[in-house]
Every structure is written in C-alpha cells, then in structure tokens.
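> This is model-v5.txt (compact mmCIF, C-alpha atoms).
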```
# COMPACT_ATOMS: atom_id res chain seq x y z
CA MET A 248 60.78 -57.98 40.46
CA LYS A 249 57.58 -56.68 42.03
CA LEU A 250 55.55 -58.70 44.51
CA PHE A 251 51.95 -57.68 45.21
CA ILE A 252 50.18 -59.05 48.29
CA GLN A 253 46.46 -58.66 47.77
CA ILE A 254 43.74 -58.91 50.41
CA PRO A 255 40.05 -59.06 49.38
CA CYS A 256 37.99 -57.40 52.14
CA TYR A 257 34.35 -57.14 53.08
CA ASN A 258 33.69 -55.46 56.43
CA GLU A 259 37.09 -56.53 57.79
CA GLY A 260 37.79 -53.44 59.91
CA ALA A 261 38.03 -55.53 63.08
CA THR A 262 40.70 -57.96 61.82
CA LEU A 263 42.46 -56.24 58.92
CA ALA A 264 45.01 -54.42 61.11
CA VAL A 265 46.13 -57.75 62.61
CA ALA A 266 46.58 -59.28 59.15
CA LEU A 267 48.47 -56.25 57.83
CA ALA A 268 50.79 -56.12 60.83
CA ALA A 269 52.04 -59.61 59.93
CA LEU A 270 52.71 -58.90 56.24
CA PRO A 271 56.34 -58.54 55.13
CA ARG A 272 57.81 -55.52 53.37
CA GLN A 273 60.77 -57.53 52.09
CA VAL A 274 60.64 -60.97 50.48
CA PRO A 275 63.66 -62.81 49.01
CA GLY A 276 63.83 -62.51 45.23
CA PHE A 277 61.87 -59.24 44.98
CA ASP A 278 62.98 -55.62 44.73
CA ALA A 279 59.68 -54.22 46.01
CA VAL A 280 56.67 -55.52 47.94
CA HIS A 281 53.33 -53.75 47.53
CA TRP A 282 50.17 -54.23 49.60
CA LEU A 283 46.83 -54.10 47.81
CA VAL A 284 43.40 -54.10 49.48
CA ILE A 285 40.23 -54.80 47.48
CA ASP A 286 37.27 -53.33 49.37
CA ASP A 287 34.22 -55.32 48.24
CA GLY A 288 31.60 -52.74 49.18
CA SER A 289 32.32 -52.64 52.92
CA SER A 290 30.06 -50.57 55.15
CA ASP A 291 32.52 -50.40 58.06
CA ASP A 292 35.92 -48.71 58.41
CA THR A 293 37.87 -51.23 56.31
CA VAL A 294 39.27 -48.53 53.99
CA GLU A 295 40.29 -46.28 56.89
CA VAL A 296 42.04 -49.17 58.63
CA ALA A 297 43.88 -50.03 55.41
CA ARG A 298 45.10 -46.45 54.99
CA ALA A 299 46.14 -46.17 58.63
CA ASN A 300 48.22 -49.36 58.39
CA GLY A 301 50.25 -48.41 55.34
CA VAL A 302 48.45 -50.19 52.50
CA ASP A 303 49.94 -48.99 49.22
CA HIS A 304 46.89 -49.36 46.97
CA ILE A 305 43.14 -49.63 47.53
CA VAL A 306 40.49 -50.47 44.95
CA ARG A 307 36.81 -50.45 45.86
CA HIS A 308 33.61 -52.03 44.57
CA SER A 309 30.54 -49.84 44.95
CA GLY A 310 28.63 -52.84 46.32
CA ASN A 311 29.33 -56.33 47.57
CA ARG A 312 30.10 -58.50 44.54
CA GLY A 313 31.48 -61.57 46.28
CA LEU A 314 34.87 -63.03 47.07
CA ALA A 315 35.55 -64.35 43.57
CA ARG A 316 34.95 -60.95 41.95
CA ALA A 317 37.09 -59.20 44.55
CA PHE A 318 39.87 -61.69 43.88
CA MET A 319 39.76 -61.04 40.13
CA THR A 320 39.67 -57.27 40.64
CA GLY A 321 42.83 -57.62 42.71
CA ILE A 322 44.52 -59.74 40.04
CA GLU A 323 43.70 -57.25 37.29
CA THR A 324 44.79 -54.30 39.42
CA ALA A 325 48.10 -55.90 40.36
CA LEU A 326 48.80 -56.80 36.74
CA SER A 327 48.11 -53.22 35.67
CA LEU A 328 50.75 -52.05 38.16
CA GLY A 329 53.35 -54.39 36.71
CA ALA A 330 53.26 -57.15 39.31
CA ASP A 331 55.58 -60.06 38.56
CA VAL A 332 54.10 -62.27 41.29
CA ILE A 333 50.81 -61.92 43.18
CA VAL A 334 50.17 -63.42 46.61
CA ASN A 335 46.58 -63.69 47.79
CA THR A 336 45.76 -63.91 51.48
CA ASP A 337 42.77 -63.34 53.77
CA ALA A 338 41.91 -60.32 55.90
CA ASP A 339 41.03 -62.47 58.92
CA ASN A 340 44.70 -63.43 59.42
CA GLN A 341 43.89 -67.11 58.89
CA TYR A 342 47.19 -67.78 57.11
CA ASN A 343 50.63 -67.30 58.62
CA ALA A 344 52.22 -64.46 56.65
CA ALA A 345 55.69 -65.72 57.56
CA ASP A 346 55.12 -68.49 55.00
CA ILE A 347 54.86 -66.06 52.06
CA PRO A 348 58.52 -66.74 51.03
CA SER A 349 57.62 -70.44 50.88
CA LEU A 350 54.85 -69.62 48.42
CA THR A 351 56.89 -67.33 46.21
CA GLY A 352 60.08 -69.42 46.28
CA PRO A 353 59.09 -72.00 43.62
CA ILE A 354 58.01 -69.19 41.28
CA VAL A 355 61.21 -67.20 41.79
CA ARG A 356 63.25 -70.35 41.10
CA GLY A 357 61.23 -71.08 37.94
CA GLN A 358 59.82 -74.33 39.34
CA ALA A 359 56.14 -73.33 39.23
CA GLU A 360 53.71 -70.68 38.01
CA MET A 361 51.12 -71.14 40.76
CA VAL A 362 51.77 -72.26 44.34
CA ILE A 363 48.96 -73.28 46.70
CA GLY A 364 49.45 -73.27 50.45
CA ALA A 365 48.36 -76.58 51.99
CA ARG A 366 46.88 -76.14 55.45
CA PRO A 367 47.06 -78.89 58.11
CA ILE A 368 43.30 -79.49 57.78
CA SER A 369 43.17 -82.42 60.19
CA ASP A 370 44.82 -80.35 62.94
CA ILE A 371 42.67 -77.20 62.64
CA THR A 372 40.48 -77.31 65.73
CA HIS A 373 37.92 -74.68 64.66
CA PHE A 374 37.03 -76.68 61.52
CA SER A 375 34.04 -78.94 62.15
CA PRO A 376 34.19 -82.60 61.00
CA VAL A 377 31.66 -81.77 58.26
CA LYS A 378 33.76 -78.87 56.99
CA LYS A 379 36.91 -81.01 57.02
CA ALA A 380 35.12 -83.72 55.04
CA LEU A 381 33.81 -81.20 52.50
CA GLN A 382 37.27 -79.64 52.17
CA LYS A 383 38.67 -83.06 51.29
CA LEU A 384 35.78 -83.77 48.91
CA GLY A 385 36.30 -80.47 47.14
CA SER A 386 40.04 -81.13 46.82
CA TRP A 387 39.31 -84.58 45.38
CA ALA A 388 36.91 -83.13 42.81
CA VAL A 389 39.51 -80.57 41.78
CA ARG A 390 42.22 -83.22 41.44
CA VAL A 391 39.95 -85.27 39.17
CA ALA A 392 38.86 -82.28 37.06
CA SER A 393 42.27 -80.61 36.84
CA LYS A 394 44.56 -83.66 36.81
CA THR A 395 46.70 -82.00 39.47
CA SER A 396 47.75 -83.29 42.89
CA ILE A 397 46.83 -80.29 45.07
CA PRO A 398 45.90 -81.59 48.57
CA ASP A 399 44.16 -78.40 49.79
CA ALA A 400 42.33 -76.89 46.82
CA PRO A 401 40.05 -74.56 48.90
CA SER A 402 43.08 -72.76 50.34
CA GLY A 403 43.09 -69.07 49.44
CA PHE A 404 46.74 -68.59 50.41
CA ARG A 405 48.51 -68.79 47.08
CA ALA A 406 51.13 -67.19 44.84
CA ILE A 407 50.61 -66.67 41.11
CA SER A 408 53.08 -65.57 38.47
CA ARG A 409 52.22 -62.75 36.09
CA ALA A 410 51.91 -65.10 33.11
CA ALA A 411 49.59 -67.46 35.00
CA ALA A 412 47.46 -64.66 36.45
CA SER A 413 46.91 -63.24 32.95
CA ARG A 414 45.30 -66.53 31.90
CA LEU A 415 42.88 -66.91 34.81
CA MET A 416 39.17 -66.21 34.45
CA VAL A 417 36.68 -66.99 37.22
CA PHE A 418 33.02 -67.80 36.44
CA ASN A 419 31.87 -68.75 39.94
CA ASP A 420 30.63 -65.86 42.12
CA TYR A 421 30.99 -67.86 45.35
CA THR A 422 34.67 -68.76 45.39
CA TYR A 423 37.69 -68.64 43.12
CA THR A 424 39.82 -71.29 44.83
CA LEU A 425 38.69 -74.47 43.08
CA GLU A 426 38.09 -72.99 39.66
CA THR A 427 41.50 -71.34 39.29
CA ILE A 428 43.28 -74.64 40.01
CA ILE A 429 41.18 -76.45 37.41
CA GLN A 430 41.98 -73.76 34.85
CA ALA A 431 45.66 -74.08 35.71
CA GLY A 432 45.50 -77.80 35.07
CA GLN A 433 43.70 -77.36 31.75
CA LYS A 434 46.08 -74.65 30.56
CA ASN A 435 49.22 -76.51 31.61
CA ILE A 436 50.12 -73.92 34.22
CA ARG A 437 52.67 -75.54 36.48
CA THR A 438 51.01 -75.76 39.90
CA VAL A 439 52.57 -77.08 43.09
CA SER A 440 51.64 -77.16 46.75
CA VAL A 441 53.70 -76.25 49.81
CA PRO A 442 52.81 -76.77 53.48
CA ILE A 443 51.80 -73.66 55.39
CA ARG A 444 50.81 -72.76 58.93
CA VAL A 445 47.58 -71.19 60.11
CA ASN A 446 46.83 -68.74 62.92
CA ALA A 447 44.19 -68.79 65.61
CA ASP A 448 40.63 -68.09 64.47
CA LEU A 449 39.74 -64.39 64.84
CA ARG A 450 36.16 -64.60 63.57
CA PRO A 451 33.71 -67.12 62.07
CA SER A 452 34.09 -67.86 58.38
CA ARG A 453 32.08 -65.60 56.06
CA LEU A 454 31.73 -68.39 53.50
CA VAL A 455 30.30 -70.84 56.07
CA LYS A 456 27.16 -69.15 57.36
CA SER A 457 25.70 -72.51 58.40
CA ILE A 458 26.55 -76.16 57.83
CA PRO A 459 23.50 -76.84 55.58
CA SER A 460 24.30 -73.73 53.52
CA TYR A 461 27.96 -74.73 53.24
CA ILE A 462 27.03 -78.26 52.17
CA ARG A 463 24.59 -76.95 49.55
CA ARG A 464 27.07 -74.44 48.14
CA SER A 465 29.91 -76.96 48.16
CA VAL A 466 27.87 -79.60 46.33
CA ILE A 467 26.67 -77.06 43.76
CA THR A 468 30.25 -75.81 43.24
CA ILE A 469 31.58 -79.34 42.74
CA ILE A 470 28.80 -80.19 40.25
CA ARG A 471 29.45 -76.95 38.35
CA ILE A 472 33.15 -77.83 38.22
CA PHE A 473 32.41 -81.03 36.33
CA VAL A 474 29.71 -79.43 34.14
CA ILE A 475 32.01 -76.57 33.07
CA TYR A 476 35.40 -78.28 32.92
CA ARG A 477 34.57 -81.96 32.31
CA PRO A 478 31.22 -81.69 30.46
CA PHE A 479 31.66 -84.71 28.21
CA ARG A 480 32.53 -87.02 31.08
CA PHE A 481 29.73 -85.60 33.26
CA PHE A 482 26.90 -85.92 30.75
CA PHE A 483 28.23 -89.12 29.17
CA THR A 484 28.26 -90.79 32.60
CA ILE A 485 24.66 -89.76 33.25
CA GLY A 486 23.65 -90.90 29.77
CA MET A 487 25.36 -94.25 30.24
CA VAL A 488 23.54 -94.87 33.54
CA LEU A 489 20.17 -94.06 31.94
CA PHE A 490 20.90 -96.07 28.81
CA LEU A 491 22.08 -99.15 30.72
CA ALA A 492 19.07 -99.00 33.04
CA GLY A 493 16.76 -98.88 30.02
CA LEU A 494 18.68 -101.65 28.29
CA LEU A 495 18.45 -103.94 31.31
CA LEU A 496 14.71 -103.33 31.66
CA GLY A 497 14.27 -103.96 27.93
CA LEU A 498 16.21 -107.23 28.10
CA ARG A 499 14.15 -108.26 31.13
CA PHE A 500 10.93 -107.65 29.22
CA LEU A 501 12.29 -109.49 26.18
CA TRP A 502 13.20 -112.49 28.35
CA LYS A 503 9.75 -112.52 29.93
CA TYR A 504 8.14 -112.23 26.49
CA LEU A 505 10.18 -115.06 24.96
CA THR A 506 9.42 -117.35 27.90
CA GLY A 507 5.70 -116.69 27.56
CA ASP A 508 5.42 -114.40 30.58
CA GLY A 509 5.24 -111.10 28.73
CA ASN A 510 1.70 -110.22 29.77
CA GLY A 511 1.52 -107.69 32.59
CA HIS A 512 5.04 -106.37 32.05
CA ILE A 513 4.20 -103.70 29.49
CA GLN A 514 5.13 -101.03 32.09
CA SER A 515 8.72 -102.29 31.98
CA LEU A 516 8.76 -101.91 28.21
CA ILE A 517 7.47 -98.33 28.43
CA LEU A 518 9.98 -97.39 31.15
CA ALA A 519 12.80 -99.04 29.19
CA SER A 520 11.88 -97.01 26.10
CA VAL A 521 11.82 -93.78 28.11
CA LEU A 522 15.18 -94.48 29.75
CA LEU A 523 16.80 -95.46 26.45
CA GLY A 524 15.52 -92.25 24.87
CA MET A 525 16.75 -90.13 27.78
CA GLY A 526 20.13 -91.86 27.68
CA PHE A 527 20.52 -91.24 23.95
CA GLN A 528 19.55 -87.57 24.33
CA THR A 529 22.04 -87.16 27.17
CA PHE A 530 24.76 -88.62 24.95
CA LEU A 531 23.95 -85.88 22.41
CA VAL A 532 24.10 -83.25 25.17
CA ALA A 533 27.56 -84.58 26.11
CA PHE A 534 28.88 -83.95 22.60
CA VAL A 535 27.29 -80.49 22.40
CA ALA A 536 28.68 -79.56 25.83
CA ASP A 537 32.13 -80.74 24.77
CA ILE A 538 31.99 -78.49 21.70
CA LEU A 539 30.93 -75.54 23.88
CA ALA A 540 33.80 -76.23 26.27
CA ALA A 541 36.25 -76.20 23.39
CA ASN A 542 34.78 -72.89 22.21
CA ARG A 543 35.15 -71.42 25.72
CA MET A 544 38.80 -72.42 25.79
CA LEU A 545 39.37 -70.72 22.44
CA LEU A 546 37.73 -67.52 23.73
CA GLU A 547 39.90 -67.62 26.85
CA ASP A 548 43.00 -68.00 24.69
CA ILE A 549 41.94 -65.01 22.56
CA ARG A 550 41.36 -62.97 25.73
CA TYR A 551 44.83 -63.83 26.99
CA LYS A 552 46.49 -62.85 23.70
CA LEU A 553 44.59 -59.54 23.65
CA ASN A 554 45.67 -58.82 27.21
CA VAL A 555 49.30 -59.51 26.38
CA SER A 556 49.43 -57.65 23.06
CA ASP A 557 47.20 -54.66 23.83
CA GLN A 558 47.73 -54.41 27.60
CA ARG A 559 43.98 -54.45 28.14
CA ILE A 560 44.32 -55.55 31.75
CA SER A 561 44.59 -51.95 32.86
CA PRO A 562 42.08 -50.89 35.52
CA THR A 563 42.84 -47.57 37.18
CA VAL A 564 44.61 -48.00 40.51
CA TRP A 565 44.42 -45.64 43.45
CA SER A 566 46.98 -45.15 46.16
CA ALA A 567 45.98 -45.63 49.77
CA ASP A 568 46.07 -41.91 50.50
CA SER A 569 43.30 -41.18 47.99
CA THR A 570 40.20 -39.67 49.58
CA PRO A 571 37.77 -41.25 49.16
CA ALA A 572 38.79 -44.61 47.67
CA PRO A 573 37.33 -44.53 44.14
CA VAL A 574 35.09 -47.17 42.62
CA ALA A 575 36.54 -49.85 40.34
CA PRO A 576 36.61 -48.69 36.67
CA GLU A 577 34.31 -51.40 35.35
CA GLU A 578 31.62 -50.18 37.74
CA GLN A 579 32.16 -46.57 36.71
CA GLN A 580 31.60 -47.55 33.09
CA ALA A 581 28.44 -49.49 33.96
CA SER A 582 26.90 -46.60 35.89
```
Could you rewrite the structure in this file as structure tokens?


Amino acid sequence: MKLFIQIPCYNEGATLAVALAALPRQVPGFDAVHWLVIDDGSSDDTVEVARANGVDHIVRHSGNRGLARAFMTGIETALSLGADVIVNTDADNQYNAADIPSLTGPIVRGQAEMVIGARPISDITHFSPVKKALQKLGSWAVRVASKTSIPDAPSGFRAISRAAASRLMVFNDYTYTLETIIQAGQKNIRTVSVPIRVNADLRPSRLVKSIPSYIRRSVITIIRIFVIYRPFRFFFTIGMVLFLAGLLLGLRFLWKYLTGDGNGHIQSLILASVLLGMGFQTFLVAFVADILAANRMLLEDIRYKLNVSDQRISPTVWSADSTPAPVAPEEQQAS
C-alpha cells in the first residue's frame, strides 16, 4: 500500500520546511510513504525548500492557478504514481501531522473512502468570530447539499482512497473543500470525520485576504453549491416564493374588486401578473437545471470509467531532484 501526502504550495518558502519536518515517513497500514509538493506558480524558493527537505516528487504550474487546481493536480499526480491513499495537508503547518494515522485509519480498515479532519473551531484563537460563523455556515450548507454529517467541511486536512479520488472533479477555482464533500455525498462515497489538532498560526490565511472579501467569496461559494448540486431545489424555492407572492397580491386585488373597492389597485394586479409569470418561468428553469445536473453526473461517470479502463489519469511526475521542476503536462500541451 502506498500513501501519498500532498501539499499544494504558493510562495510557501518561509513555512514549508516546518510543515515537512512534521510529516511522517512511516504510517501504520502502508508499505511506503511519499511526499508530493504541488508548486502553484511560486515566485519564491518553495521548490528549493522542498528539494532540500527530502520531498519525493514535485509538480509545478507555470502560473498561479488557485488552490483548487493545485489540489486536483496533486490528486492526478498521486494516482498516476499508484497511490492507494492520498492525504492532503497545508504548507503553513496548520494541521498537526501526528494525526495523519487517524485520517488514514478508517480507510485502511475499510470503514470509509474519504476522511475529513474536524478542527476544534471554537477553540482556535486566531479565527475571528466572523470566520468561525462562516465556517459553520459553510459546513451547514455542505451537510444540506451532500446529505452528510461532516462538522468541519472547510477543513483541508483529509485522506482519500484511490477509488474515491478517481471520482472527484472540482469546478470551483477558489476552494476544493466544500465541493469534494458534496460530490462524495452524491456519489455514495463513504465519508466520515475524525477530530484533529491544529498548530500555532505561522502566517495569515491566504484565502482570507479581508473579512469583506471572505464573506463575499463564502456566500458566492455556498450559492454555487446549491445551484450546481441542488439546482431543482434552489430554483424551485425561488419560483415558489415569487409565485406565492404574486398569488397573494392577485387574491388581494380580487377581494378588493369583489367588494367594490377595485379602483386604484390596478398596480397590484400588474405586479401580481409579473410575479406569477416570473414564478412560472423559474419553475421551468428548475426542471431544465435538474436535467443539466443529471447530464453532468452522467459525464462524470463516463470520465471515471475512462480513467479506470484506459488509465488516463497519467500526468508526468518529476522527482524532487529534477532541475528545474518541470511544468505540469496539461500546461505543456496548452502552450
């Protein structure tokens, strides 16, 4: 059994050595443990630090493509090297690497295919009250959309089996954490959560540049979750609100008209007609969106079967002693 510990990096030269020093070289249930660094277009000495600290494999993006893309590049690279289980962690040493056996244990025992580390959010002092509230809101949205019971959906400290990793596909450029759990729920990938510890904060979060920006991105991400993965419910709810509002206004006008007080309320009739029309159109959008969602699921299933049968998840991988670290294959083909 091969375990790959992947670390997406973007200008992490200052903290990467600390994170690597804590990683294990032996984990119960595995014959070999490999370290993989995904350099997402760093302009500092991230690659040099990775080489100097014994990283086995490095894959590089020619430019910064975002955390979600770096995560997926790592997944595809690890799969191409024959990984049986993949652990994802952060380069800022946020997560306690000593808890990696707790993540991989349920997979090794056949109890789960994806394991999410649950941080003690309420006890993390460097998380602001707003960030804690948004973390909980995001986790709630994921639980509703995925029908899972993961308490800390935004946690990036997770273990994924080979079979589960082959089925994942991330659409969001901002973050992979919420979307992968929702996909796991939809595809019946057994997902569990285990408590983990966190380390002291080494640097400010790259995803939280400011509270207003974090709120905006979080809200957009949550809305996109429901639009992509629960489209019928999302649009049907909006349509129902519009339709009921129009219906109530129409009944109000009808009551006024029947009681002889209809004059002067023509605006209500016009607004009721508009709302009823918008509600009906939104109902139609709900059905169309549901059909598109079903088509997307079929395409994802075809992609998975192609990957399994033809071994198409096969990006070239470079060892850490390569000089310089080459660019990811998909970028070579695009150039």

> Give the answer as one residue: which of A:Gly507, A:Pro376, A:Gly313, A:Gly352 has the shortest atom-to-atom distance to Val417 of chain A, using all atoms listed in the file?

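The answer is A:Gly313, which sits nearest to Val417 of chain A.
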
> Name the residues in contact with segment 358-362 of chain A at a cut-off of 9 Å, using all atoms listed in the file, excluding same-chain residues fewer than 5 positions from it; report them as a PyMOL selection string.

chain A and resi 349-353+404-412+428+431+436-441

> With all atoms listed in the file counted, which protein, DNA or RNA residues have an atom no more than 9 Å from (59.8, -59.9, 48.2) in the file frame? Please answer as a count of residues only.

18

> Find the smallest box with edges along x, y and z containing every listed atom of segment 261-265 of chain A, then add 4 Å on each side and report centre and edge lengths in Å to one decimal, as AutoDock Vina command-line options.


```
--center_x 42.1 --center_y -56.2 --center_z 61.0 --size_x 16.1 --size_y 11.5 --size_z 12.2
```

> Work out how far atom CA of Ala392 of chain A is from atom CA of Leu522 of chain A, in Å to one decimal.

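Computing it gives 27.6 Å between the two atoms.
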
> If I take atom CA of Gln433 of chain A and atom CA of Lys383 of chain A, how far is one from the other in Å, to one decimal?

21.0 Å

> Would you mind telling me which residue in A:Leu501, A:Leu263, A:Met319, A:Val334 lies nearest to Leu516 of chain A when using all atoms listed in the file?

A:Leu501

> List the spatial neighbours of Asp292 of chain A as an MDAnalysis selection string - criterion: any atom at most 9 Å away, only C-alpha atoms, same-chain residues fewer than 3 positions off excluded.

chainID A and resid 258:261 289 295:297

> Expressed in Å to a single decimal, how great is the separation between atom CA of Asp399 of chain A and atom CA of Ser369 of chain A?

11.2 Å

> Could you please give me, as JSON, numbers by chain, the residues of protein, DNA or RNA lying at most 6 Å from (50.0, -76.9, 50.7) in the coordinate frame of the file, considering all atoms listed in the file?

{"A": [363, 364, 365, 366, 440, 441, 442, 443]}

> So that I can check the surroundings of Ala536 of chain A, please list as a PDB file with C-alpha atoms, in the frame of the given file every protein, DNA and RNA residue that reaches within 10 Å of it, counting all atoms listed in the file and ignoring chain neighbours fewer than 2 positions away.


```pdb
ATOM      1  CA  VAL A 474      29.710 -79.430  34.140  1.00  0.00           C
ATOM      2  CA  ILE A 475      32.010 -76.570  33.070  1.00  0.00           C
ATOM      3  CA  TYR A 476      35.400 -78.280  32.920  1.00  0.00           C
ATOM      4  CA  ARG A 477      34.570 -81.960  32.310  1.00  0.00           C
ATOM      5  CA  PRO A 478      31.220 -81.690  30.460  1.00  0.00           C
ATOM      6  CA  PHE A 479      31.660 -84.710  28.210  1.00  0.00           C
ATOM      7  CA  ARG A 480      32.530 -87.020  31.080  1.00  0.00           C
ATOM      8  CA  PHE A 481      29.730 -85.600  33.260  1.00  0.00           C
ATOM      9  CA  PHE A 482      26.900 -85.920  30.750  1.00  0.00           C
ATOM     10  CA  PHE A 530      24.760 -88.620  24.950  1.00  0.00           C
ATOM     11  CA  LEU A 531      23.950 -85.880  22.410  1.00  0.00           C
ATOM     12  CA  VAL A 532      24.100 -83.250  25.170  1.00  0.00           C
ATOM     13  CA  ALA A 533      27.560 -84.580  26.110  1.00  0.00           C
ATOM     14  CA  PHE A 534      28.880 -83.950  22.600  1.00  0.00           C
ATOM     15  CA  ILE A 538      31.990 -78.490  21.700  1.00  0.00           C
ATOM     16  CA  LEU A 539      30.930 -75.540  23.880  1.00  0.00           C
ATOM     17  CA  ALA A 540      33.800 -76.230  26.270  1.00  0.00           C
ATOM     18  CA  ALA A 541      36.250 -76.200  23.390  1.00  0.00           C
ATOM     19  CA  ASN A 542      34.780 -72.890  22.210  1.00  0.00           C
TER      20      ASN A 542
END
```

> Nearest to Leu546 of chain A: which of A:Leu495, A:Met416, A:Thr293, A:Thr336 is it, counting only C-alpha atoms?

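When distances to Leu546 of chain A are compared using only C-alpha atoms, the smallest one comes from A:Met416.
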
> Return the single residue from A:Thr422, A:Gly493, A:Ile429, A:Ala380 that is closest to Ile397 of chain A, with distances computed using only C-alpha atoms.

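Among A:Thr422, A:Gly493, A:Ile429, A:Ala380, it is A:Ile429 that comes nearest to Ile397 of chain A.
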
> For Lys394 of chain A, which residue among A:Ser515, A:Gly432, A:Met525, A:Asp286 is the nearest when counting only C-alpha atoms?

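Using only C-alpha atoms, the shortest distance to Lys394 of chain A belongs to A:Gly432.
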
> Quick one: residues within 8 Å of segment 340-343 of chain A, only C-alpha atoms counted, chain neighbours fewer than 6 positions away excluded, as a PyMOL selection string?

chain A and resi 262-263+265-266+269+404+443-449
